[in-house]
file work.cif (mmCIF, C-alpha atoms)
data_start
#
loop_
_atom_site.label_atom_id
_atom_site.label_comp_id
_atom_site.auth_asym_id
_atom_site.auth_seq_id
_atom_site.Cartn_x
_atom_site.Cartn_y
_atom_site.Cartn_z
CA MET J 1 42.73 -170.12 42.25
CA SER J 2 40.56 -171.85 44.84
CA GLY J 3 40.97 -175.56 45.46
CA GLU J 4 37.31 -176.14 44.59
CA ILE J 5 37.66 -174.58 41.11
CA ALA J 6 40.94 -176.40 40.48
CA GLN J 7 39.40 -179.70 41.48
CA GLY J 8 36.37 -179.06 39.23
CA CYS J 9 38.58 -178.28 36.23
CA GLN J 10 40.72 -181.34 36.83
CA GLN J 11 37.62 -183.57 37.02
CA LEU J 12 36.37 -181.97 33.81
CA LEU J 13 39.71 -182.68 32.12
CA ALA J 14 39.60 -186.30 33.25
CA ALA J 15 36.12 -186.73 31.79
CA GLU J 16 37.18 -185.13 28.50
CA ALA J 17 40.32 -187.26 28.35
CA ALA J 18 38.18 -190.39 28.58
CA ARG J 19 35.95 -189.04 25.81
CA ARG J 20 38.92 -188.10 23.59
CA PRO J 21 41.27 -191.10 23.83
CA THR J 22 43.35 -190.14 20.76
CA GLU J 23 44.06 -186.54 21.79
CA THR J 24 47.13 -185.27 23.60
CA ILE J 25 46.01 -184.38 27.12
CA PRO J 26 47.55 -181.29 28.80
CA GLU J 27 48.83 -181.29 32.37
CA ALA J 28 45.82 -181.09 34.69
CA LEU J 29 47.16 -178.33 36.96
CA ASP J 30 48.38 -176.19 34.05
CA TRP J 31 45.00 -176.60 32.32
CA ALA J 32 43.09 -175.62 35.46
CA LEU J 33 45.39 -172.61 35.96
CA ALA J 34 44.80 -171.50 32.35
CA TRP J 35 41.05 -171.52 32.94
CA SER J 36 41.43 -169.51 36.12
CA LEU J 37 43.39 -166.85 34.21
CA THR J 38 40.55 -166.43 31.70
CA GLY J 39 38.30 -165.17 34.48
CA LEU J 40 35.39 -167.20 33.08
CA PRO J 41 32.99 -169.16 35.31
CA PHE J 42 33.55 -172.89 35.58
CA GLU J 43 30.22 -173.53 33.82
CA GLN J 44 31.59 -171.88 30.68
CA ALA J 45 34.58 -174.19 30.71
CA ALA J 46 32.20 -177.15 30.68
CA ARG J 47 30.25 -175.60 27.79
CA TRP J 48 33.40 -175.02 25.76
CA CYS J 49 34.45 -178.64 26.28
CA ASP J 50 31.49 -179.67 24.13
CA LEU J 51 33.19 -178.04 21.13
CA PRO J 52 35.65 -179.89 18.86
CA VAL J 53 38.56 -177.66 19.90
CA PRO J 54 41.79 -179.29 21.15
CA LEU J 55 41.77 -179.44 24.95
CA ALA J 56 45.04 -177.57 25.23
CA ASN J 57 43.61 -174.65 23.20
CA LEU J 58 40.23 -174.45 24.91
CA PRO J 59 41.03 -171.87 27.63
CA VAL J 60 42.68 -169.50 25.12
CA ALA J 61 39.91 -170.02 22.53
CA ALA J 62 37.24 -169.34 25.15
CA ALA J 63 38.99 -166.19 26.37
CA VAL J 64 39.55 -164.83 22.85
CA ALA J 65 35.97 -165.64 21.80
CA THR J 66 34.55 -163.96 24.89
CA ARG J 67 36.66 -160.85 24.26
CA HIS J 68 35.46 -160.64 20.65
CA GLY J 69 31.83 -161.52 21.41
CA VAL J 70 31.83 -164.86 19.57
CA ALA J 71 29.47 -167.42 21.11
CA PRO J 72 30.42 -171.12 21.28
CA TRP J 73 27.47 -172.17 19.08
CA LEU J 74 28.86 -170.19 16.13
CA ILE J 75 32.19 -172.02 16.24
CA GLU J 76 30.20 -175.24 16.55
CA ALA J 77 28.18 -174.31 13.45
CA TRP J 78 31.36 -173.87 11.42
CA ASP J 79 32.63 -177.22 12.63
CA GLU J 80 29.45 -178.93 11.41
CA LEU J 81 30.54 -177.90 7.91
CA GLY J 82 33.91 -179.61 8.34
CA VAL J 83 35.66 -176.30 9.10
CA ARG J 84 37.40 -175.85 12.45
CA PRO J 85 38.15 -172.18 13.06
CA THR J 86 41.48 -171.74 14.79
CA VAL J 87 42.07 -169.36 17.66
CA GLY J 88 43.39 -166.90 15.06
CA ASP J 89 40.11 -167.08 13.09
CA ILE J 90 37.98 -166.15 16.09
CA PRO J 91 38.86 -162.41 16.04
CA VAL J 92 37.94 -162.31 12.33
CA ILE J 93 34.49 -163.64 13.17
CA GLY J 94 34.28 -160.94 15.84
CA GLU J 95 35.29 -158.32 13.25
CA LEU J 96 32.48 -159.54 11.00
CA GLN J 97 30.03 -158.93 13.80
CA ARG J 98 31.35 -155.41 14.36
CA ALA J 99 31.23 -154.76 10.61
CA GLY J 100 27.48 -155.27 10.65
CA TRP J 101 27.16 -159.03 10.47
CA GLY J 102 24.55 -159.71 13.13
CA THR J 103 24.16 -163.07 14.85
CA PRO J 104 21.38 -164.29 12.49
CA ALA J 105 23.49 -163.33 9.47
CA LEU J 106 26.53 -165.17 10.81
CA ASP J 107 24.33 -168.18 11.54
CA LEU J 108 23.23 -168.18 7.89
CA VAL J 109 26.82 -167.93 6.73
CA ALA J 110 27.92 -170.77 8.99
CA THR J 111 25.20 -173.07 7.64
CA ALA J 112 25.42 -172.18 3.95
CA GLY J 113 26.58 -175.58 2.70
CA SER J 114 29.90 -177.37 3.03
CA ILE J 115 33.08 -175.50 2.15
CA ASP J 116 36.71 -176.46 1.72
CA ALA J 117 38.39 -176.16 5.12
CA SER J 118 41.51 -174.71 3.50
CA ARG J 119 39.47 -171.77 2.22
CA ALA J 120 37.88 -170.81 5.54
CA ALA J 121 40.33 -168.03 6.42
CA GLU J 122 40.26 -166.65 2.85
CA LEU J 123 36.46 -166.56 2.81
CA LEU J 124 36.31 -164.85 6.20
CA ALA J 125 38.70 -162.15 4.95
CA ARG J 126 36.64 -161.62 1.77
CA LEU J 127 33.46 -161.33 3.82
CA LEU J 128 34.95 -158.41 5.77
CA VAL J 129 34.92 -156.12 2.73
CA LEU J 130 31.45 -157.09 1.45
CA PRO J 131 28.09 -155.69 2.56
CA PRO J 132 26.27 -158.43 4.52
CA ALA J 133 23.12 -158.07 2.41
CA ALA J 134 25.05 -158.74 -0.81
CA VAL J 135 26.25 -162.12 0.50
CA LEU J 136 23.07 -163.06 2.32
CA ASP J 137 20.96 -162.60 -0.81
CA GLY J 138 22.89 -165.42 -2.44
CA ILE J 139 22.81 -167.63 0.67
CA ARG J 140 19.08 -167.17 1.12
CA THR J 141 18.44 -168.37 -2.40
CA GLY J 142 20.44 -171.51 -1.67
CA LEU J 143 23.98 -170.81 -2.93
CA ASP J 144 26.86 -172.30 -0.99
CA LEU J 145 29.11 -169.79 0.76
CA PRO J 146 31.88 -169.58 -1.89
CA ALA J 147 29.33 -169.04 -4.67
CA ALA J 148 27.46 -166.43 -2.59
CA VAL J 149 30.72 -164.55 -1.92
CA GLU J 150 31.59 -164.63 -5.60
CA LEU J 151 28.13 -163.44 -6.56
CA ALA J 152 28.40 -160.55 -4.08
CA GLU J 153 31.84 -159.55 -5.38
CA TYR J 154 30.57 -159.48 -8.94
CA ALA J 155 27.50 -157.52 -7.87
CA GLU J 156 29.74 -154.96 -6.14
CA ALA J 157 31.94 -154.69 -9.23
CA GLY J 158 28.98 -154.43 -11.60
CA GLY J 159 29.88 -157.71 -13.29
CA ALA J 160 27.63 -159.28 -15.89
CA THR J 161 25.82 -162.60 -15.59
CA GLY J 162 27.88 -164.24 -18.32
CA GLN J 163 31.16 -163.36 -16.61
CA LEU J 164 29.95 -164.85 -13.33
CA LEU J 165 28.80 -168.09 -14.91
CA ASN J 166 31.98 -168.45 -16.96
CA ARG J 167 34.17 -168.04 -13.90
CA LEU J 168 32.09 -170.46 -11.83
CA LEU J 169 32.21 -173.03 -14.60
CA ARG J 170 35.96 -172.60 -14.94
CA ASP J 171 36.70 -172.90 -11.22
CA ARG J 172 34.41 -175.78 -10.26
CA VAL J 173 31.91 -178.28 -11.58
CA VAL J 174 28.50 -176.61 -11.33
CA SER J 175 25.66 -179.04 -10.83
CA GLU J 176 22.26 -178.40 -12.37
CA GLU J 177 20.96 -177.59 -8.90
CA LEU J 178 23.66 -175.04 -8.13
CA GLY J 179 23.29 -173.57 -11.60
CA ALA J 180 19.57 -173.15 -11.03
CA ARG J 181 20.21 -171.36 -7.76
CA ILE J 182 22.77 -169.06 -9.38
CA ASN J 183 20.16 -168.11 -11.94
CA VAL J 184 17.66 -167.51 -9.15
CA ALA J 185 20.10 -165.23 -7.35
CA ILE J 186 20.99 -163.27 -10.49
CA THR J 187 17.46 -162.79 -11.78
CA ASP J 188 15.93 -162.25 -8.32
CA ILE J 189 13.12 -164.75 -8.85
CA GLY J 190 13.42 -166.62 -5.56
CA ASP J 191 9.80 -167.78 -5.52
CA THR J 192 10.11 -169.53 -8.89
CA MET J 193 12.79 -171.97 -7.79
CA PRO J 194 12.14 -175.38 -9.42
CA THR J 195 9.70 -177.49 -7.41
CA GLY J 196 11.33 -180.10 -5.20
CA LEU J 197 14.83 -178.65 -5.51
CA TRP J 198 14.89 -177.88 -1.77
CA ALA J 199 14.42 -181.57 -0.89
CA THR J 200 17.75 -182.65 -2.36
CA LEU J 201 20.89 -183.09 -0.31
CA ALA J 202 22.98 -180.59 -2.29
CA GLU J 203 22.80 -176.90 -1.40
CA PRO J 204 19.34 -176.75 0.23
CA ASP J 205 17.39 -173.50 0.15
CA ALA J 206 18.33 -171.35 3.15
CA ARG J 207 14.67 -171.04 4.16
CA VAL J 208 14.50 -174.82 4.28
CA THR J 209 17.82 -175.17 6.10
CA ARG J 210 16.76 -172.83 8.87
CA SER J 211 13.29 -174.38 9.11
CA MET J 212 14.91 -177.79 9.42
CA ARG J 213 17.30 -176.61 12.16
CA ALA J 214 14.43 -174.97 14.06
CA SER J 215 11.90 -177.81 13.73
CA LEU J 216 13.81 -181.10 13.83
CA PRO J 217 16.26 -182.80 16.18
CA LYS J 218 19.73 -182.88 14.70
CA VAL J 219 19.59 -186.67 14.22
CA LEU J 220 16.79 -186.20 11.66
CA TRP J 221 18.51 -183.59 9.45
CA ALA J 222 20.07 -186.09 7.06
CA GLU J 223 16.80 -188.02 6.81
CA PHE J 224 14.91 -184.82 6.00
CA LEU J 225 17.36 -183.79 3.27
CA SER J 226 17.46 -187.24 1.68
CA ALA J 227 15.34 -188.14 -1.31
CA ASP J 228 13.76 -191.07 0.58
CA GLU J 229 10.15 -190.43 1.54
CA GLU J 230 8.45 -192.99 3.76
CA HIS J 231 4.86 -191.63 3.62
CA PRO J 232 4.06 -193.08 7.06
CA GLY J 233 0.51 -194.12 7.82
CA PRO J 234 -1.58 -192.77 10.69
CA PRO J 235 -0.09 -193.47 14.13
CA GLU J 236 -1.74 -195.93 16.51
CA VAL J 237 -3.29 -194.92 19.81
CA ASP J 238 -0.94 -195.55 22.73
CA GLU J 239 -3.17 -194.45 25.63
CA ALA J 240 -6.80 -193.61 24.96
CA ASN J 241 -7.01 -191.61 28.19
CA GLY J 242 -3.88 -189.63 27.42
CA GLY J 243 -2.41 -190.73 30.73
CA ASN J 244 -5.25 -189.13 32.70
CA THR J 245 -6.55 -191.69 35.18
CA ASP J 246 -9.69 -189.60 35.84
CA ALA J 247 -10.88 -189.88 32.24
CA TRP J 248 -14.07 -191.89 31.63
CA SER J 249 -15.83 -193.45 28.66
CA ARG J 250 -19.50 -192.89 28.03
CA ASP J 251 -21.91 -195.70 28.74
CA GLY J 252 -23.69 -196.61 25.54
CA ASN J 253 -24.18 -194.49 22.45
CA THR J 254 -25.78 -191.58 24.30
CA TRP J 255 -24.64 -188.15 25.45
CA GLY J 256 -26.54 -186.51 28.26
CA LEU J 257 -24.31 -183.56 29.18
CA ILE J 258 -25.03 -179.96 28.18
CA ASP J 259 -21.58 -179.30 26.68
CA CYS J 260 -20.69 -181.26 23.54
CA PRO J 261 -18.38 -184.31 23.43
CA GLU J 262 -15.70 -182.32 21.53
CA ASP J 263 -15.28 -180.00 24.51
CA ARG J 264 -14.74 -182.84 26.99
CA ALA J 265 -12.74 -185.30 24.87
CA VAL J 266 -9.28 -186.19 26.24
CA GLU J 267 -6.54 -186.12 23.62
CA PRO J 268 -5.19 -189.69 23.33
CA THR J 269 -1.48 -190.35 23.46
CA MET J 270 -0.44 -191.30 19.94
CA MET J 271 2.55 -193.35 18.80
CA TRP J 272 4.13 -190.66 16.61
CA ASN J 273 7.49 -191.63 15.09
CA THR J 274 10.36 -189.73 13.48
CA ALA J 275 8.99 -190.35 9.98
CA HIS J 276 5.83 -188.44 10.93
CA GLN J 277 7.90 -185.47 12.15
CA VAL J 278 10.04 -185.37 9.00
CA THR J 279 6.95 -185.73 6.82
CA ALA J 280 5.18 -182.87 8.59
CA LEU J 281 7.98 -180.39 7.81
CA ARG J 282 8.40 -181.66 4.24
CA ARG J 283 4.68 -181.41 3.57
CA TYR J 284 4.37 -177.93 5.07
CA LEU J 285 7.32 -176.55 3.11
CA GLY J 286 6.08 -178.25 -0.04
CA LEU J 287 2.80 -176.33 0.32
CA TYR J 288 3.95 -172.98 1.69
CA LEU J 289 7.63 -172.43 0.85
CA ARG J 290 6.69 -170.25 -2.11
CA PHE J 291 4.85 -167.89 0.24
CA LEU J 292 7.88 -167.31 2.49
CA ASN J 293 10.14 -164.36 1.91
CA PRO J 294 13.85 -165.16 1.38
CA GLU J 295 14.60 -164.07 4.94
CA ASP J 296 11.80 -166.13 6.53
CA TYR J 297 11.83 -169.57 8.10
CA VAL J 298 9.30 -171.61 10.03
CA GLU J 299 9.32 -173.60 13.27
CA LEU J 300 6.85 -176.46 13.66
CA SER J 301 5.88 -177.65 17.14
CA TRP J 302 5.94 -181.37 17.92
CA PRO J 303 4.10 -183.58 18.75
CA PRO J 304 0.80 -182.44 17.21
CA SER J 305 -2.21 -181.52 19.35
CA GLY J 306 -5.57 -183.10 18.61
CA ASN J 307 -9.20 -182.00 18.46
CA LEU J 308 -12.09 -184.44 18.41
CA THR J 309 -14.23 -183.54 15.38
CA THR J 310 -16.65 -186.52 15.32
CA ASP J 311 -17.54 -188.56 18.39
CA GLY J 312 -18.68 -191.55 16.30
CA HIS J 313 -21.81 -193.69 16.36
CA TRP J 314 -22.48 -197.34 17.18
CA THR J 315 -25.40 -199.65 17.96
CA ASN J 316 -25.72 -203.08 19.47
CA ARG J 317 -25.93 -205.85 16.93
CA HIS J 318 -29.46 -207.25 16.63
CA PRO J 319 -30.06 -211.00 16.87
CA ILE J 320 -30.47 -212.64 13.48
CA ASP J 321 -34.11 -213.38 12.62
CA CYS J 322 -35.29 -216.86 11.74
CA ASP J 323 -37.83 -216.84 8.92
CA GLU J 324 -40.22 -218.93 10.99
CA HIS J 325 -39.50 -217.97 14.61
CA GLY J 326 -37.98 -214.48 14.36
CA THR J 327 -35.66 -213.88 17.32
CA ASP J 328 -37.56 -216.32 19.54
CA TRP J 329 -35.15 -219.10 18.67
CA HIS J 330 -36.32 -222.71 19.02
CA ASP J 331 -33.89 -225.45 19.96
CA ALA J 332 -35.38 -227.90 17.45
CA CYS J 333 -35.03 -225.46 14.50
CA ALA J 334 -31.84 -225.77 12.42
CA ASP J 335 -32.04 -222.11 11.25
CA CYS J 336 -32.49 -220.91 14.83
CA GLU J 337 -29.48 -222.95 15.97
CA GLU J 338 -27.33 -221.53 13.17
CA ASN J 339 -28.43 -217.97 13.97
CA ARG J 340 -27.74 -218.48 17.68
CA ASP J 341 -24.23 -219.82 16.97
CA ALA J 342 -23.47 -216.89 14.66
CA TRP J 343 -24.63 -214.41 17.29
CA GLU J 344 -22.74 -216.02 20.16
CA HIS J 345 -19.51 -216.18 18.15
CA GLU J 346 -19.55 -212.52 17.08
CA ASP J 347 -16.19 -210.93 17.94
CA ASP J 348 -17.85 -207.63 18.76
CA PRO J 349 -21.44 -207.31 20.02
CA VAL J 350 -21.82 -203.82 18.50
CA CYS J 351 -21.90 -202.38 15.01
CA ILE J 352 -19.81 -199.22 14.50
CA HIS J 353 -21.57 -196.99 11.98
CA SER J 354 -18.98 -194.16 12.08
CA PRO J 355 -15.63 -193.97 13.88
CA ALA J 356 -14.48 -191.16 16.13
CA THR J 357 -12.35 -188.66 14.18
CA TRP J 358 -9.43 -186.58 15.43
CA ASP J 359 -7.76 -183.67 13.62
CA TRP J 360 -4.11 -183.22 14.54
CA TYR J 361 -2.53 -179.77 14.37
CA VAL J 362 1.00 -178.43 14.69
CA GLU J 363 1.74 -174.85 15.66
CA VAL J 364 3.62 -173.02 12.92
CA GLN J 365 5.70 -170.05 13.97
CA THR J 366 7.04 -167.97 11.10
CA TRP J 367 10.20 -166.00 11.80
CA ARG J 368 11.81 -163.24 9.80
CA ILE J 369 15.57 -162.76 10.12
CA ASN J 370 17.08 -159.30 10.18
CA ASP J 371 20.52 -158.02 11.12
CA ASP J 372 19.35 -157.09 14.62
CA GLY J 373 17.75 -160.36 15.62
CA TYR J 374 14.62 -162.44 15.13
CA GLU J 375 11.17 -160.99 14.69
CA ASP J 376 8.17 -163.21 15.30
CA VAL J 377 5.82 -162.38 12.46
CA ASN J 378 3.07 -165.00 12.68
CA ILE J 379 1.78 -167.95 14.70
CA ASP J 380 -0.74 -170.27 13.13
CA ARG J 381 -2.17 -173.79 13.48
CA TRP J 382 -1.81 -176.17 10.54
CA LEU J 383 -3.82 -179.37 10.08
CA PHE J 384 -1.24 -182.12 9.62
CA MET J 385 -3.27 -185.32 9.81
CA THR J 386 -6.68 -186.81 10.57
CA THR J 387 -7.01 -190.14 12.42
CA THR J 388 -9.92 -192.37 13.44
CA MET J 389 -10.53 -194.65 16.40
CA ASP J 390 -13.22 -196.83 17.94
CA PRO J 391 -15.74 -194.35 19.40
CA ARG J 392 -16.07 -196.52 22.52
CA GLU J 393 -12.37 -195.93 23.29
CA VAL J 394 -12.63 -192.12 23.37
CA ARG J 395 -12.20 -190.83 26.90
CA TYR J 396 -13.79 -187.73 28.42
CA LEU J 397 -13.46 -185.49 31.46
#

call {"tool": "encode", "arguments": {"input": "work.cif", "output": "structure tokens"}}
result
Amino acid sequence: MSGEIAQGCQQLLAAEAARRPTETIPEALDWALAWSLTGLPFEQAARWCDLPVPLANLPVAAAVATRHGVAPWLIEAWDELGVRPTVGDIPVIGELQRAGWGTPALDLVATAGSIDASRAAELLARLLVLPPAAVLDGIRTGLDLPAAVELAEYAEAGGATGQLLNRLLRDRVVSEELGARINVAITDIGDTMPTGLWATLAEPDARVTRSMRASLPKVLWAEFLSADEEHPGPPEVDEANGGNTDAWSRDGNTWGLIDCPEDRAVEPTMMWNTAHQVTALRRYLGLYLRFLNPEDYVELSWPPSGNLTTDGHWTNRHPIDCDEHGTDWHDACADCEENRDAWEHEDDPVCIHSPATWDWYVEVQTWRINDDGYEDVNIDRWLFMTTTMDPREVRYL
């Protein structure tokens, strides 16, 4: 082992020790030697340190996972459910892959709702003898992993609906939501799932789960799944010129160029917040979830892109007429003096007859999951919001 690699591993261990103050820290030289024996690049050691695996076990876990083709993100996905696969569980995950469980399928399994950590090994073993499609059908309709496994086992054995429900009721408390999803799975009516059920925290629809993971930062997942809806108002303009110092505003309410204002308008920088991003995904799924196949999910781009649809119209405010003198105000006339004061104290010397209007779009990419990978099936633009602004503040190129 070269001194450079050893030094890098020891520095990595020191950084991890500071980040994990309650964990037993292995001997630095032994830990560096263990990494060298795995034959993995140093960069992979750093990547594995991001996972919630005990430091002493990391080199062995990384070597076993690499041998069995299990990527770090999949172990991380299980951990997000409160389940920490041991080194002994990693080969089982690899066996699932070799048995026909492709990466997308395993990703679905790993994100199919919280499970009891003590049942992880048992569930992995049961998955080995089940066709992937039989389990995934239940997961895609929103069942948690134990319920999906049970559904698949009954389907394989030719069990009746009543038997399945009786066993589920006997073994656990079945909420109305989970019961509804069981009925969906059994009767194969995925598109008739009760409206709004996906927005609850318990057992979200798999199409929604994957859309959430693809479209939102992780810090917004809980906010998206909560029942709290902020309904944020339109964002304010941050920079009218969109950060482009060459942008200009037109002089007066005229347009003398051949091409139209919409073609030259510079998209302003808007003050979008996290509530807007969560609302965009909620609103899209609320409208179009029923049109997605069970294996589909969507990815929404962020922030939105804008198109000027109306450049707006304004005129200068006219002086107020005096009944006797018109706009030729006389100093000795009380009406003229009042009109002059009103004119001079106007906050804005123009009258805006119509504001400038912007339509804001997000790109929607629809993906279909199969056992071999992801297939991009459609890319579209969806109108998320319309905003208005002072037409004099619109900038052009």

call {"tool": "closest_residue", "arguments": {"input": "work.cif", "among": "J:Glu393, J:Asp259, J:Asp296, J:Asp331", "to": "Ala247 in chain J", "atoms": "all atoms listed in the file"}}
result
J:Glu393

call {"tool": "resolve_selection", "arguments": {"input": "work.cif", "expression": "the PyMOL selection byres ((chain J and resi 53) around 12)", "output": "PyMOL selection string"}}
result
chain J and resi 16+20+23+47-52+54-62+72+75-76+78-79+83-87

call {"tool": "atom_distance", "arguments": {"input": "work.cif", "atom1": "CA of Glu338 in chain J", "atom2": "CA of Gly252 in chain J"}}
result
28.1 Å

call {"tool": "closest_residue", "arguments": {"input": "work.cif", "among": "J:Cys9, J:Ala45, J:Val278, J:Ala34", "to": "Leu300 in chain J", "atoms": "only C-alpha atoms"}}
result
J:Val278

call {"tool": "resolve_selection", "arguments": {"input": "work.cif", "expression": "the PyMOL selection byres ((chain J and resi 397) around 8)", "output": "number ranges by chain"}}
result
J: 246-248, 264-266, 395-396

call {"tool": "resolve_selection", "arguments": {"input": "work.cif", "expression": "the PyMOL selection byres ((chain J and resi 242) around 9)", "output": "ChimeraX atom specification"}}
result
/J:238-241,243-245,247,266-270,395
